[in-house]
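As provided, target.txt (compact mmCIF, C-alpha atoms) reads as follows.
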```
# COMPACT_ATOMS: atom_id res chain seq x y z
CA MET A 21 10.28 -10.50 40.18
CA SER A 22 12.75 -10.30 43.01
CA ARG A 23 12.84 -13.15 45.46
CA THR A 24 12.07 -11.09 48.50
CA ALA A 25 11.89 -12.45 52.02
CA PRO A 26 8.46 -13.71 53.03
CA LYS A 27 6.28 -10.89 54.24
CA GLY A 28 2.69 -10.44 55.20
CA LEU A 29 2.25 -13.63 57.14
CA PRO A 30 3.84 -13.82 60.55
CA PRO A 31 4.91 -17.31 61.55
CA PRO A 32 2.38 -19.33 63.51
CA PRO A 33 2.90 -18.99 67.24
CA GLU A 34 4.98 -21.51 69.10
CA ARG A 35 2.69 -23.55 71.25
CA PRO A 36 3.34 -26.54 73.42
CA ALA A 37 2.08 -29.71 71.78
CA GLU A 38 -0.47 -30.19 74.52
CA ALA A 39 -1.74 -26.66 75.11
CA PRO A 40 -4.37 -26.51 77.84
CA LEU A 41 -7.96 -26.70 76.70
CA LEU A 42 -9.94 -23.53 76.36
CA LEU A 43 -13.23 -24.82 75.04
CA ARG A 44 -14.68 -28.31 74.96
CA THR A 45 -18.04 -29.83 74.14
CA SER A 46 -19.36 -33.24 74.98
CA LYS A 47 -22.28 -34.86 73.14
CA LEU A 48 -23.62 -31.43 72.29
CA VAL A 49 -27.10 -31.47 70.76
CA LYS A 50 -29.27 -28.69 69.39
CA VAL A 51 -32.80 -29.49 68.27
CA TYR A 52 -35.24 -26.95 66.90
CA ARG A 53 -38.92 -27.61 67.34
CA ALA A 54 -41.51 -25.45 65.67
CA ASP A 55 -45.05 -26.19 64.51
CA GLY A 56 -44.68 -29.87 65.16
CA ILE A 57 -41.51 -30.08 63.04
CA THR A 58 -38.28 -31.20 64.64
CA VAL A 59 -34.90 -30.36 63.17
CA GLU A 60 -31.80 -31.89 64.68
CA ALA A 61 -29.22 -29.29 63.71
CA VAL A 62 -26.39 -30.49 65.96
CA ARG A 63 -26.33 -34.19 66.81
CA GLY A 64 -23.81 -35.12 69.45
CA VAL A 65 -20.73 -33.02 68.73
CA ASP A 66 -17.48 -33.40 70.65
CA ILE A 67 -14.94 -30.73 69.81
CA GLU A 68 -11.98 -29.17 71.58
CA LEU A 69 -10.16 -25.88 71.20
CA ALA A 70 -6.82 -25.32 72.93
CA ILE A 71 -5.62 -21.97 74.22
CA GLY A 72 -4.26 -19.99 71.29
CA GLU A 73 -5.50 -22.49 68.74
CA PHE A 74 -7.18 -21.56 65.43
CA VAL A 75 -9.77 -24.07 64.27
CA ALA A 76 -11.93 -23.77 61.17
CA ILE A 77 -15.29 -25.48 60.85
CA MET A 78 -16.31 -26.39 57.30
CA GLY A 79 -19.18 -28.37 55.85
CA PRO A 80 -22.10 -28.11 53.46
CA SER A 81 -24.95 -25.67 54.02
CA GLY A 82 -27.30 -27.06 56.60
CA SER A 83 -24.62 -29.18 58.26
CA GLY A 84 -25.10 -27.31 61.53
CA LYS A 85 -21.97 -25.13 61.47
CA SER A 86 -23.56 -21.80 62.33
CA THR A 87 -25.91 -23.36 64.86
CA LEU A 88 -22.94 -24.94 66.62
CA LEU A 89 -21.14 -21.61 66.78
CA HIS A 90 -24.21 -19.83 68.11
CA VAL A 91 -24.71 -22.44 70.80
CA LEU A 92 -21.03 -22.21 71.78
CA GLY A 93 -21.41 -18.45 72.16
CA GLY A 94 -24.61 -18.78 74.17
CA LEU A 95 -26.68 -17.01 71.53
CA GLU A 96 -28.98 -20.04 71.55
CA PRO A 97 -29.39 -22.61 74.32
CA ALA A 98 -28.09 -26.16 73.87
CA THR A 99 -30.74 -28.89 73.92
CA SER A 100 -28.45 -31.34 75.70
CA GLY A 101 -24.77 -32.08 76.18
CA GLU A 102 -22.03 -30.08 77.79
CA ILE A 103 -20.05 -26.94 76.97
CA TRP A 104 -16.94 -26.17 79.00
CA LEU A 105 -15.17 -22.85 78.72
CA ARG A 106 -11.97 -22.20 80.67
CA GLY A 107 -12.69 -25.16 82.93
CA GLN A 108 -16.18 -23.96 83.76
CA ARG A 109 -19.35 -25.68 82.62
CA VAL A 110 -21.43 -23.05 80.87
CA ASP A 111 -24.23 -24.81 78.97
CA GLY A 112 -26.71 -24.28 81.79
CA LEU A 113 -26.05 -20.57 82.27
CA SER A 114 -28.92 -18.08 82.24
CA THR A 115 -29.22 -15.56 79.42
CA ALA A 116 -27.88 -12.86 81.73
CA ALA A 117 -24.93 -14.99 82.82
CA TRP A 118 -24.13 -15.75 79.17
CA ALA A 119 -24.17 -12.03 78.40
CA ILE A 120 -21.57 -11.41 81.10
CA LEU A 121 -19.48 -14.38 79.95
CA ARG A 122 -19.51 -13.12 76.37
CA ARG A 123 -18.50 -9.64 77.46
CA GLN A 124 -15.49 -11.02 79.28
CA HIS A 125 -14.40 -13.99 77.25
CA ILE A 126 -16.04 -14.28 73.83
CA GLY A 127 -15.70 -12.07 70.76
CA PHE A 128 -18.15 -12.53 67.88
CA VAL A 129 -17.78 -11.68 64.20
CA PHE A 130 -20.62 -12.30 61.78
CA GLN A 131 -20.98 -12.39 58.01
CA PHE A 132 -23.06 -9.22 57.91
CA PHE A 133 -20.97 -7.26 60.40
CA ASN A 134 -23.91 -6.40 62.71
CA LEU A 135 -22.56 -2.98 63.62
CA LEU A 136 -24.78 -0.51 65.43
CA SER A 137 -25.76 1.86 62.64
CA ASN A 138 -26.68 4.85 64.82
CA MET A 139 -23.27 4.95 66.51
CA THR A 140 -19.89 5.97 65.14
CA VAL A 141 -17.18 3.44 64.37
CA ALA A 142 -15.33 4.55 67.52
CA ASP A 143 -18.40 4.06 69.71
CA ASN A 144 -19.08 0.63 68.21
CA VAL A 145 -15.60 -0.51 69.18
CA GLU A 146 -15.57 1.15 72.62
CA LEU A 147 -18.98 -0.09 73.70
CA PRO A 148 -18.01 -3.66 74.68
CA ALA A 149 -15.13 -2.40 76.81
CA LEU A 150 -17.38 0.14 78.52
CA LEU A 151 -20.02 -2.53 79.17
CA ALA A 152 -17.33 -4.74 80.69
CA GLY A 153 -16.41 -1.99 83.12
CA ALA A 154 -13.44 -0.30 81.46
CA THR A 155 -13.02 3.43 82.06
CA PRO A 156 -13.76 5.68 79.06
CA ARG A 157 -10.04 6.46 78.86
CA GLN A 158 -9.09 2.75 78.76
CA ALA A 159 -11.80 2.01 76.19
CA ARG A 160 -10.63 4.85 73.98
CA LYS A 161 -7.00 3.81 74.19
CA ARG A 162 -7.83 0.21 73.24
CA ARG A 163 -10.07 1.41 70.40
CA GLU A 164 -7.33 3.65 69.03
CA GLU A 165 -4.82 0.79 69.14
CA LEU A 166 -7.16 -1.61 67.39
CA LEU A 167 -8.33 0.74 64.65
CA THR A 168 -4.72 1.71 63.96
CA GLU A 169 -3.67 -1.92 63.79
CA LEU A 170 -6.53 -2.68 61.41
CA GLY A 171 -5.72 0.35 59.25
CA ILE A 172 -8.98 2.25 59.78
CA ALA A 173 -7.97 4.84 62.41
CA ASP A 174 -9.16 7.60 60.06
CA LYS A 175 -12.70 6.18 60.06
CA ALA A 176 -13.23 6.52 63.82
CA GLY A 177 -15.77 9.32 63.53
CA ALA A 178 -17.70 7.85 60.59
CA ALA A 179 -21.04 6.08 60.64
CA PRO A 180 -20.68 2.38 59.74
CA ALA A 181 -22.95 2.79 56.71
CA ARG A 182 -20.39 5.14 55.15
CA LEU A 183 -17.79 2.39 55.12
CA SER A 184 -17.13 -0.33 52.53
CA GLY A 185 -17.91 -3.94 53.43
CA GLY A 186 -14.26 -4.67 54.05
CA GLU A 187 -13.92 -1.68 56.36
CA GLN A 188 -17.08 -2.61 58.24
CA GLN A 189 -15.76 -6.11 58.81
CA ARG A 190 -12.54 -4.67 60.18
CA VAL A 191 -14.57 -2.54 62.59
CA ALA A 192 -16.50 -5.65 63.61
CA LEU A 193 -13.20 -7.44 64.17
CA ALA A 194 -11.91 -4.54 66.29
CA ARG A 195 -15.10 -4.65 68.33
CA ALA A 196 -14.80 -8.39 68.82
CA LEU A 197 -11.19 -8.05 69.97
CA ALA A 198 -11.78 -4.99 72.16
CA ASN A 199 -12.05 -6.96 75.40
CA GLU A 200 -9.19 -9.31 74.55
CA PRO A 201 -11.55 -12.28 74.54
CA SER A 202 -10.38 -15.79 75.38
CA VAL A 203 -11.92 -16.97 72.13
CA LEU A 204 -13.00 -15.28 68.92
CA LEU A 205 -16.03 -16.95 67.35
CA ALA A 206 -16.40 -16.03 63.69
CA ASP A 207 -19.29 -17.00 61.43
CA GLU A 208 -18.36 -16.68 57.73
CA PRO A 209 -16.40 -13.48 58.36
CA THR A 210 -15.37 -13.19 54.70
CA GLY A 211 -18.64 -14.50 53.26
CA ASN A 212 -19.70 -11.07 52.11
CA LEU A 213 -16.34 -9.67 51.02
CA ASP A 214 -14.55 -9.44 47.70
CA SER A 215 -11.20 -11.01 47.07
CA SER A 216 -8.98 -8.15 48.18
CA ASN A 217 -10.97 -7.43 51.34
CA THR A 218 -10.93 -11.13 52.13
CA ARG A 219 -7.15 -11.01 51.90
CA ASP A 220 -7.01 -8.08 54.33
CA VAL A 221 -9.29 -9.77 56.86
CA LEU A 222 -7.24 -12.94 56.47
CA ARG A 223 -4.06 -11.08 57.29
CA LEU A 224 -5.65 -9.54 60.37
CA LEU A 225 -6.96 -12.87 61.62
CA ARG A 226 -3.58 -14.44 61.06
CA ARG A 227 -1.95 -11.63 63.00
CA ALA A 228 -4.40 -11.95 65.89
CA HIS A 229 -3.73 -15.69 65.92
CA SER A 230 0.02 -15.12 65.93
CA GLN A 231 -0.45 -12.94 69.00
CA GLY A 232 -2.08 -15.86 70.77
CA GLN A 233 -5.77 -15.28 69.99
CA ALA A 234 -7.79 -18.49 69.98
CA ILE A 235 -10.20 -18.55 67.03
CA LEU A 236 -13.08 -20.84 66.14
CA MET A 237 -14.36 -20.00 62.70
CA VAL A 238 -17.13 -21.27 60.47
CA THR A 239 -16.21 -20.77 56.84
CA HIS A 240 -16.85 -21.92 53.30
CA ASP A 241 -13.73 -20.17 52.11
CA ALA A 242 -10.87 -22.62 51.87
CA ARG A 243 -8.33 -19.78 51.81
CA VAL A 244 -9.49 -18.76 55.26
CA ALA A 245 -9.73 -22.34 56.50
CA SER A 246 -6.22 -23.11 55.24
CA LEU A 247 -4.77 -20.66 57.76
CA ALA A 248 -6.20 -22.63 60.66
CA ASP A 249 -4.20 -25.11 62.72
CA ARG A 250 -6.96 -27.64 62.34
CA VAL A 251 -10.12 -28.10 60.27
CA ILE A 252 -13.27 -29.77 61.50
CA ASN A 253 -15.68 -30.98 58.85
CA LEU A 254 -19.27 -31.01 59.99
CA PHE A 255 -21.78 -33.13 58.13
CA ASP A 256 -25.40 -33.66 59.00
CA GLY A 257 -24.89 -32.18 62.46
CA MET A 258 -21.98 -34.47 63.30
CA VAL A 259 -18.20 -34.27 63.10
CA ALA A 260 -17.15 -36.10 59.92
CA ASP A 261 -13.48 -35.16 60.09
CA ASP A 262 -11.14 -33.36 62.46
CA ALA A 263 -7.55 -32.98 61.31
CA LYS A 264 -4.54 -30.71 61.41
CA ILE A 265 -3.64 -28.96 58.18
CA VAL A 266 -0.40 -30.35 56.84
CA PRO A 267 1.11 -28.12 54.15
CA ILE A 268 2.14 -30.13 51.11
CA PRO A 269 5.94 -29.95 50.88
CA ARG A 270 6.66 -27.00 48.67
CA GLY A 271 8.69 -28.27 45.79
CA LEU A 272 9.37 -26.44 42.57
CA ASN A 273 5.76 -26.55 41.53
CA GLY A 274 4.10 -23.60 43.26
CA VAL A 275 0.81 -22.95 41.51
CA GLY A 276 1.75 -25.69 39.02
CA ASP A 277 0.18 -28.19 41.44
CA VAL A 278 -3.17 -26.69 40.53
CA LEU A 279 -2.85 -24.67 37.38
CA GLU A 280 -0.74 -25.44 34.34
CA LEU A 281 -0.24 -22.77 31.74
CA ARG A 282 -0.33 -24.07 28.18
CA GLY A 283 0.70 -22.66 24.89
CA MET X 9 6.30 -23.93 25.72
CA ARG X 10 6.10 -23.23 21.99
CA GLN X 11 3.80 -20.18 21.91
CA PRO X 12 5.18 -18.34 24.94
CA LEU X 13 8.67 -18.46 23.39
CA LEU X 14 7.39 -17.12 20.08
CA ALA X 15 5.50 -14.39 21.94
CA LEU X 16 8.62 -13.33 23.83
CA LEU X 17 10.64 -13.31 20.61
CA ALA X 18 7.99 -11.13 18.97
CA LYS X 19 9.01 -8.47 21.47
CA GLU X 20 12.75 -8.71 20.81
CA PRO X 21 15.40 -11.22 19.74
CA ALA X 22 16.90 -13.18 22.62
CA HIS X 23 18.99 -16.19 23.50
CA GLY X 24 17.64 -19.23 25.32
CA TYR X 25 18.64 -18.26 28.81
CA GLU X 26 17.15 -14.77 28.42
CA LEU X 27 13.85 -16.40 27.45
CA LYS X 28 13.92 -18.55 30.57
CA LEU X 29 14.53 -15.48 32.74
CA ALA X 30 11.83 -13.51 30.95
CA LEU X 31 9.27 -16.27 31.62
CA GLU X 32 10.28 -16.43 35.28
CA GLN X 33 10.09 -12.69 35.68
CA THR X 34 6.73 -12.45 33.96
CA PHE X 35 4.90 -15.18 35.86
CA GLY X 36 6.72 -14.88 39.16
CA GLN X 37 8.20 -17.39 41.53
CA ALA X 38 4.84 -19.08 42.07
CA TYR X 39 5.09 -20.63 38.62
CA PRO X 40 7.32 -23.65 37.95
CA SER X 41 10.56 -22.51 36.42
CA PRO X 42 10.83 -23.55 32.75
CA ASN X 43 13.46 -26.13 31.92
CA ILE X 44 16.36 -24.63 29.94
CA GLY X 45 16.92 -27.84 27.98
CA GLN X 46 13.30 -27.86 26.92
CA ILE X 47 13.59 -24.25 25.81
CA TYR X 48 16.58 -25.06 23.55
CA VAL X 49 14.85 -28.12 22.08
CA THR X 50 11.72 -26.07 21.38
CA LEU X 51 13.71 -23.29 19.73
CA LYS X 52 15.54 -25.76 17.55
CA ARG X 53 12.28 -27.35 16.38
CA ARG X 54 10.73 -23.96 15.62
CA GLU X 55 13.80 -23.14 13.62
CA GLN X 56 13.30 -26.32 11.58
CA ASP X 57 9.66 -25.24 11.06
CA GLY X 58 10.90 -21.87 9.80
CA LEU X 59 9.20 -19.92 12.58
CA VAL X 60 12.42 -18.60 14.09
CA ARG X 61 15.94 -18.12 12.86
CA SER X 62 19.17 -17.76 14.77
CA GLU X 63 22.68 -16.52 14.51
CA ASP X 64 25.77 -16.88 16.63
CA VAL X 65 26.90 -13.72 18.35
CA GLU X 66 30.53 -13.58 19.32
CA GLN X 67 31.38 -12.79 22.89
CA THR X 68 34.85 -11.77 23.99
CA THR X 69 35.13 -13.55 27.34
CA ARG X 70 32.62 -16.36 26.88
CA PRO X 71 31.59 -18.89 24.26
CA ASN X 72 29.43 -17.55 21.45
CA LYS X 73 25.74 -17.31 22.16
CA ARG X 74 22.98 -18.15 19.77
CA VAL X 75 20.42 -15.36 19.44
CA TYR X 76 16.97 -16.21 18.11
CA GLU X 77 14.49 -13.99 16.32
CA LEU X 78 11.02 -14.46 14.93
CA THR X 79 10.63 -14.92 11.14
CA PRO X 80 7.63 -13.41 9.25
CA ALA X 81 6.13 -16.92 9.16
CA GLY X 82 6.62 -17.15 12.92
CA ARG X 83 4.88 -13.83 13.45
CA GLU X 84 1.99 -15.06 11.30
CA ALA X 85 1.68 -18.31 13.28
CA LEU X 86 1.74 -16.33 16.52
CA ARG X 87 -1.01 -13.99 15.31
CA ALA X 88 -3.17 -16.97 14.38
CA TRP X 89 -2.65 -18.48 17.87
CA VAL X 90 -3.47 -15.22 19.65
CA GLY X 91 -6.60 -14.80 17.53
CA GLU X 92 -8.06 -18.25 18.33
CA PRO X 93 -10.29 -18.67 21.35
CA SER X 94 -8.56 -20.80 24.00
CA ASP X 95 -10.02 -24.01 25.39
CA GLY X 96 -11.33 -23.91 28.95
CA PRO X 97 -9.33 -25.81 31.50
CA ARG X 98 -9.45 -29.58 31.23
CA ILE X 99 -9.78 -30.98 34.69
CA ARG X 100 -8.18 -34.40 34.71
CA ASP X 101 -9.70 -35.50 37.96
CA GLU X 102 -8.34 -38.78 39.11
CA PHE X 103 -9.98 -38.42 42.49
CA PHE X 104 -13.52 -38.53 41.11
CA ILE X 105 -12.81 -41.87 39.46
CA LYS X 106 -11.55 -43.24 42.76
CA LEU X 107 -14.54 -41.80 44.59
CA ILE X 108 -17.06 -43.44 42.30
CA LEU X 109 -15.38 -46.74 41.50
CA ALA X 110 -13.44 -47.70 44.62
CA PRO X 111 -16.46 -48.02 46.94
CA MET X 112 -18.30 -50.05 44.29
CA ALA X 113 -15.52 -52.60 44.49
CA GLY X 114 -15.44 -52.46 48.28
CA LEU X 115 -11.94 -50.97 48.17
CA ALA X 116 -12.61 -47.85 50.18
CA ASP X 117 -15.11 -45.89 52.20
CA ARG X 118 -16.40 -42.76 50.44
CA MET X 119 -16.32 -40.58 53.54
CA GLU X 120 -12.71 -41.55 54.24
CA LEU X 121 -11.73 -40.88 50.64
CA MET X 122 -13.34 -37.46 50.76
CA ASN X 123 -11.79 -36.60 54.11
CA SER X 124 -8.30 -37.47 52.99
CA GLN X 125 -8.75 -35.60 49.71
CA ARG X 126 -10.04 -32.52 51.54
CA ARG X 127 -7.00 -32.58 53.83
CA HIS X 128 -4.75 -32.76 50.79
CA TYR X 129 -6.49 -29.82 49.08
CA LEU X 130 -6.31 -27.75 52.25
CA GLY X 131 -2.58 -28.45 52.49
CA ILE X 132 -2.11 -27.15 48.95
CA MET X 133 -4.34 -24.20 49.76
CA ARG X 134 -2.11 -23.35 52.72
CA ASN X 135 0.86 -23.22 50.34
CA LEU X 136 -1.03 -21.02 47.91
CA THR X 137 -2.18 -18.56 50.58
CA GLU X 138 1.42 -18.31 51.77
CA LEU X 139 2.62 -17.73 48.20
CA GLN X 140 -0.04 -15.07 47.89
CA ALA X 141 1.07 -13.32 51.05
CA GLU X 142 4.68 -13.33 49.83
CA ALA X 143 3.88 -12.18 46.29
CA ASP X 144 4.91 -8.70 45.26
CA PRO X 145 1.67 -6.65 45.27
CA ALA X 146 2.96 -4.65 42.30
CA ASP X 147 3.42 -7.79 40.19
CA ALA X 148 -0.04 -8.29 38.71
CA PRO X 149 0.64 -11.38 36.53
CA ALA X 150 2.17 -13.30 39.44
CA ARG X 151 -0.63 -12.26 41.81
CA LEU X 152 -3.37 -13.17 39.34
CA LEU X 153 -1.78 -16.52 38.59
CA ILE X 154 -1.82 -17.43 42.29
CA GLU X 155 -5.38 -16.18 42.60
CA GLY X 156 -6.38 -18.32 39.61
CA ALA X 157 -4.91 -21.40 41.26
CA ILE X 158 -6.72 -20.55 44.51
CA LEU X 159 -10.06 -20.16 42.72
CA HIS X 160 -9.62 -23.47 40.90
CA LEU X 161 -8.78 -25.22 44.14
CA GLN X 162 -11.75 -23.62 45.88
CA ALA X 163 -13.92 -25.01 43.06
CA ASP X 164 -12.43 -28.47 43.65
CA LEU X 165 -13.34 -28.19 47.33
CA ASP X 166 -16.84 -27.00 46.51
CA TRP X 167 -17.24 -29.95 44.17
CA LEU X 168 -16.03 -32.28 46.90
CA GLU X 169 -18.67 -30.83 49.19
CA ARG X 170 -21.33 -31.46 46.55
CA CYS X 171 -20.15 -35.05 46.25
CA GLN X 172 -20.40 -35.36 50.02
CA GLU X 173 -23.97 -34.04 49.97
CA GLU X 174 -25.11 -36.41 47.24
CA LEU X 175 -23.12 -39.58 47.77
CA VAL X 176 -22.90 -40.10 51.51
```

Any chance you could put this one into structure tokens?
Amino acid sequence: MSRTAPKGLPPPPERPAEAPLLLRTSKLVKVYRADGITVEAVRGVDIELAIGEFVAIMGPSGSGKSTLLHVLGGLEPATSGEIWLRGQRVDGLSTAAWAILRRQHIGFVFQFFNLLSNMTVADNVELPALLAGATPRQARKRREELLTELGIADKAGAAPARLSGGEQQRVALARALANEPSVLLADEPTGNLDSSNTRDVLRLLRRAHSQGQAILMVTHDARVASLADRVINLFDGMVADDAKIVPIPRGLNGVGDVLELRG
Amino acid sequence: MRQPLLALLAKEPAHGYELKLALEQTFGQAYPSPNIGQIYVTLKRREQDGLVRSEDVEQTTRPNKRVYELTPAGREALRAWVGEPSDGPRIRDEFFIKLILAPMAGLADRMELMNSQRRHYLGIMRNLTELQAEADPADAPARLLIEGAILHLQADLDWLERCQEELV
């Protein structure tokens, strides 16, 4: 095999050590109450996300990861505590105000894509821009750029159901990025994809990050998490660990650190 | 080192350095490069066992080189090896011993141990995902080797998470 120059992964973006904060929570709590049962899903979480930063949230099932992400995106109201986005306190916003905030500043990607099945791929991607007030021409231009960048320009006229899982997730990513959101919130975006589609989505996320996109992502997949600048481990609704990823110095070992061939 | 060298020689006779290159080319840059000294020692031992034989080939501008080939006994031994089922991986997990024993002796906190181990795994995973992105897509053995390492490491992380669920 030839020792070609690194390709595929653009270098991480240069960022000042103390990039300004984009998103911050303080003592965030989310409690579910139903039929006399109380579940404390998020129990006093303080996290921060800087502009342009990519943070992964890991943790066992039931540790509160998805709930946290949903509360941060205003899909569910916080029980108590504070959420600050771009210097504005947002935890007390009405449902309608959250909807506007999401349109302008938050992109969402989910495990099961959540595309609108009765609309074409193109319409799915253009809709958020149109809702945010873009002209049809602007929305179409942005959609064409995104689908081309994600390698699915030829699927613009198709119904989402005709696409593979990997293609649907790319459409969902294009939709989430259509309004150039301040932050991309992603909930297990590769949870339903096979290995090669996961690799494609990984590459696209890495590229978006290298172009300055801030990302907060819940994931079980350590490959995906390893691309982040920082990993937060959530356990029992609380932050158990919050640390930068430090690549192990790459010696001669390569995969030999993990896998030794015998014979 | 023993069987891979026999397997390469079953394809065609070669000298030591050619075998080193062939291993590197087959498994890609992600795999640790075999040590040339170890290759020569292994060949010499196999020759004593009667599995390979060698002869010096004269070269005009360089010192002679010793070319090895497989003997019929070597081919038989190789066939037997290929035909046997291979053991599954043996995980020699030092971390698990630390995780269980150290807190019992009051030497460490389990959560801290798990956090620092997770950080270490994620650092290795970063290296592997970068290797994967750099790997030649047309080179299936190299790609699959990296993917194998990634899957093993993911299993280690999943196990760590299970330990966290049960022990903390």

Query raised in the report: Which of these, A:Leu121, A:Leu136, A:Met78, A:Leu150, has the shortest distance to chain X once you count only C-alpha atoms?
Result: A:Met78

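Comparing X:Tyr25, X:Ala116, X:Pro80, X:Gly131 by their smallest distance to X:Ile44, the closest is X:Tyr25 (using all atoms listed in the file).
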
Pull the closest atom pair for each residue of stretch 212-242 of chain A that gets at most 10 Å from stretch 165-181 of chain A, along with the distance in Å to one decimal, counting all atoms listed in the file, ordering rows by chain and then ascending residue number, as JSON lines.
```
{"residue": "A:Asp220", "atom": "CA", "partner": "A:Leu170", "partner_atom": "CA", "distance": 8.9}
{"residue": "A:Val221", "atom": "CA", "partner": "A:Leu170", "partner_atom": "CA", "distance": 8.9}
{"residue": "A:Arg223", "atom": "CA", "partner": "A:Leu170", "partner_atom": "CA", "distance": 9.7}
{"residue": "A:Leu224", "atom": "CA", "partner": "A:Leu170", "partner_atom": "CA", "distance": 7.0}
{"residue": "A:Arg227", "atom": "CA", "partner": "A:Glu169", "partner_atom": "CA", "distance": 9.9}
```

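The space separating atom CA of A:Ala196 from atom CA of A:Asp241 comes to 20.5 Å.
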
**Report entry** Distance query stretch 47-64 of chain X at most 10 Å, only C-alpha atoms, self and fewer than 4 positions along chain excluded, as a VMD selection string
**Finding:** chain X and resid 9 to 11 13 to 14 17 to 18 21 to 25 27 to 28 42 to 43 71 to 86

Suppose we keep C-alpha atoms; can you now write the selection as a PDB file, keeping the file's coordinate frame?
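result-v7.pdb written:
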```
ATOM      1  CA  MET X   9       6.300 -23.930  25.720  1.00  0.00           C
ATOM      2  CA  ARG X  10       6.100 -23.230  21.990  1.00  0.00           C
ATOM      3  CA  GLN X  11       3.800 -20.180  21.910  1.00  0.00           C
ATOM      4  CA  LEU X  13       8.670 -18.460  23.390  1.00  0.00           C
ATOM      5  CA  LEU X  14       7.390 -17.120  20.080  1.00  0.00           C
ATOM      6  CA  LEU X  17      10.640 -13.310  20.610  1.00  0.00           C
ATOM      7  CA  ALA X  18       7.990 -11.130  18.970  1.00  0.00           C
ATOM      8  CA  PRO X  21      15.400 -11.220  19.740  1.00  0.00           C
ATOM      9  CA  ALA X  22      16.900 -13.180  22.620  1.00  0.00           C
ATOM     10  CA  HIS X  23      18.990 -16.190  23.500  1.00  0.00           C
ATOM     11  CA  GLY X  24      17.640 -19.230  25.320  1.00  0.00           C
ATOM     12  CA  TYR X  25      18.640 -18.260  28.810  1.00  0.00           C
ATOM     13  CA  LEU X  27      13.850 -16.400  27.450  1.00  0.00           C
ATOM     14  CA  LYS X  28      13.920 -18.550  30.570  1.00  0.00           C
ATOM     15  CA  PRO X  42      10.830 -23.550  32.750  1.00  0.00           C
ATOM     16  CA  ASN X  43      13.460 -26.130  31.920  1.00  0.00           C
ATOM     17  CA  PRO X  71      31.590 -18.890  24.260  1.00  0.00           C
ATOM     18  CA  ASN X  72      29.430 -17.550  21.450  1.00  0.00           C
ATOM     19  CA  LYS X  73      25.740 -17.310  22.160  1.00  0.00           C
ATOM     20  CA  ARG X  74      22.980 -18.150  19.770  1.00  0.00           C
ATOM     21  CA  VAL X  75      20.420 -15.360  19.440  1.00  0.00           C
ATOM     22  CA  TYR X  76      16.970 -16.210  18.110  1.00  0.00           C
ATOM     23  CA  GLU X  77      14.490 -13.990  16.320  1.00  0.00           C
ATOM     24  CA  LEU X  78      11.020 -14.460  14.930  1.00  0.00           C
ATOM     25  CA  THR X  79      10.630 -14.920  11.140  1.00  0.00           C
ATOM     26  CA  PRO X  80       7.630 -13.410   9.250  1.00  0.00           C
ATOM     27  CA  ALA X  81       6.130 -16.920   9.160  1.00  0.00           C
ATOM     28  CA  GLY X  82       6.620 -17.150  12.920  1.00  0.00           C
ATOM     29  CA  ARG X  83       4.880 -13.830  13.450  1.00  0.00           C
ATOM     30  CA  GLU X  84       1.990 -15.060  11.300  1.00  0.00           C
ATOM     31  CA  ALA X  85       1.680 -18.310  13.280  1.00  0.00           C
ATOM     32  CA  LEU X  86       1.740 -16.330  16.520  1.00  0.00           C
TER      33      LEU X  86
END
```

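Between atom CA of X:Leu107 and atom CA of X:Leu121 the interatomic distance comes to 6.7 Å.
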
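Of the listed residues A:Arg163, A:Lys47, A:His240, A:His125, the one whose atoms come nearest to chain X is A:His240, with distances taken using only C-alpha atoms.
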
Query raised in the report: Contacts of stretch 203-210 of chain A at 6 Å or less, counting all atoms listed in the file, minus same-chain residues fewer than 2 places along, as a PyMOL selection string?
Result: chain A and resi 126-131+201+212-213+218+234-239

**Report entry** Residue hits in chain X, query chain A, radius 9 Å, all atoms listed in the file, as a PyMOL selection string
**Finding:** chain X and resi 9-12+32-41+89+97+119-120+123+127-139+141-144+147+150+153-158+160-162+165-166+169-170+172-173

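The coordinates place atom CA of A:Arg190 at 27.9 Å from atom CA of A:Leu41.
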
Would you fill the gaps in stretch 171-177 of chain A so it has N, CA and C atoms, then print it as a CSV table (one decimal), keeping the file's coordinate frame?
```
chain,number,residue,atom,x,y,z
A,171,GLY,N,-5.8,-0.6,60.4
A,171,GLY,CA,-5.7,0.4,59.2
A,171,GLY,C,-6.9,1.2,59.0
A,172,ILE,N,-7.8,1.4,60.0
A,172,ILE,CA,-9.0,2.2,59.8
A,172,ILE,C,-9.1,3.3,60.9
A,173,ALA,N,-8.0,3.8,61.4
A,173,ALA,CA,-8.0,4.8,62.4
A,173,ALA,C,-8.7,6.1,61.9
A,174,ASP,N,-8.6,6.4,60.6
A,174,ASP,CA,-9.2,7.6,60.1
A,174,ASP,C,-10.7,7.5,59.9
A,175,LYS,N,-11.2,6.3,60.2
A,175,LYS,CA,-12.7,6.2,60.1
A,175,LYS,C,-13.4,6.3,61.4
A,176,ALA,N,-12.7,6.6,62.5
A,176,ALA,CA,-13.2,6.5,63.8
A,176,ALA,C,-14.5,7.3,64.0
A,177,GLY,N,-14.6,8.5,63.3
A,177,GLY,CA,-15.8,9.3,63.5
A,177,GLY,C,-16.9,9.0,62.6
```
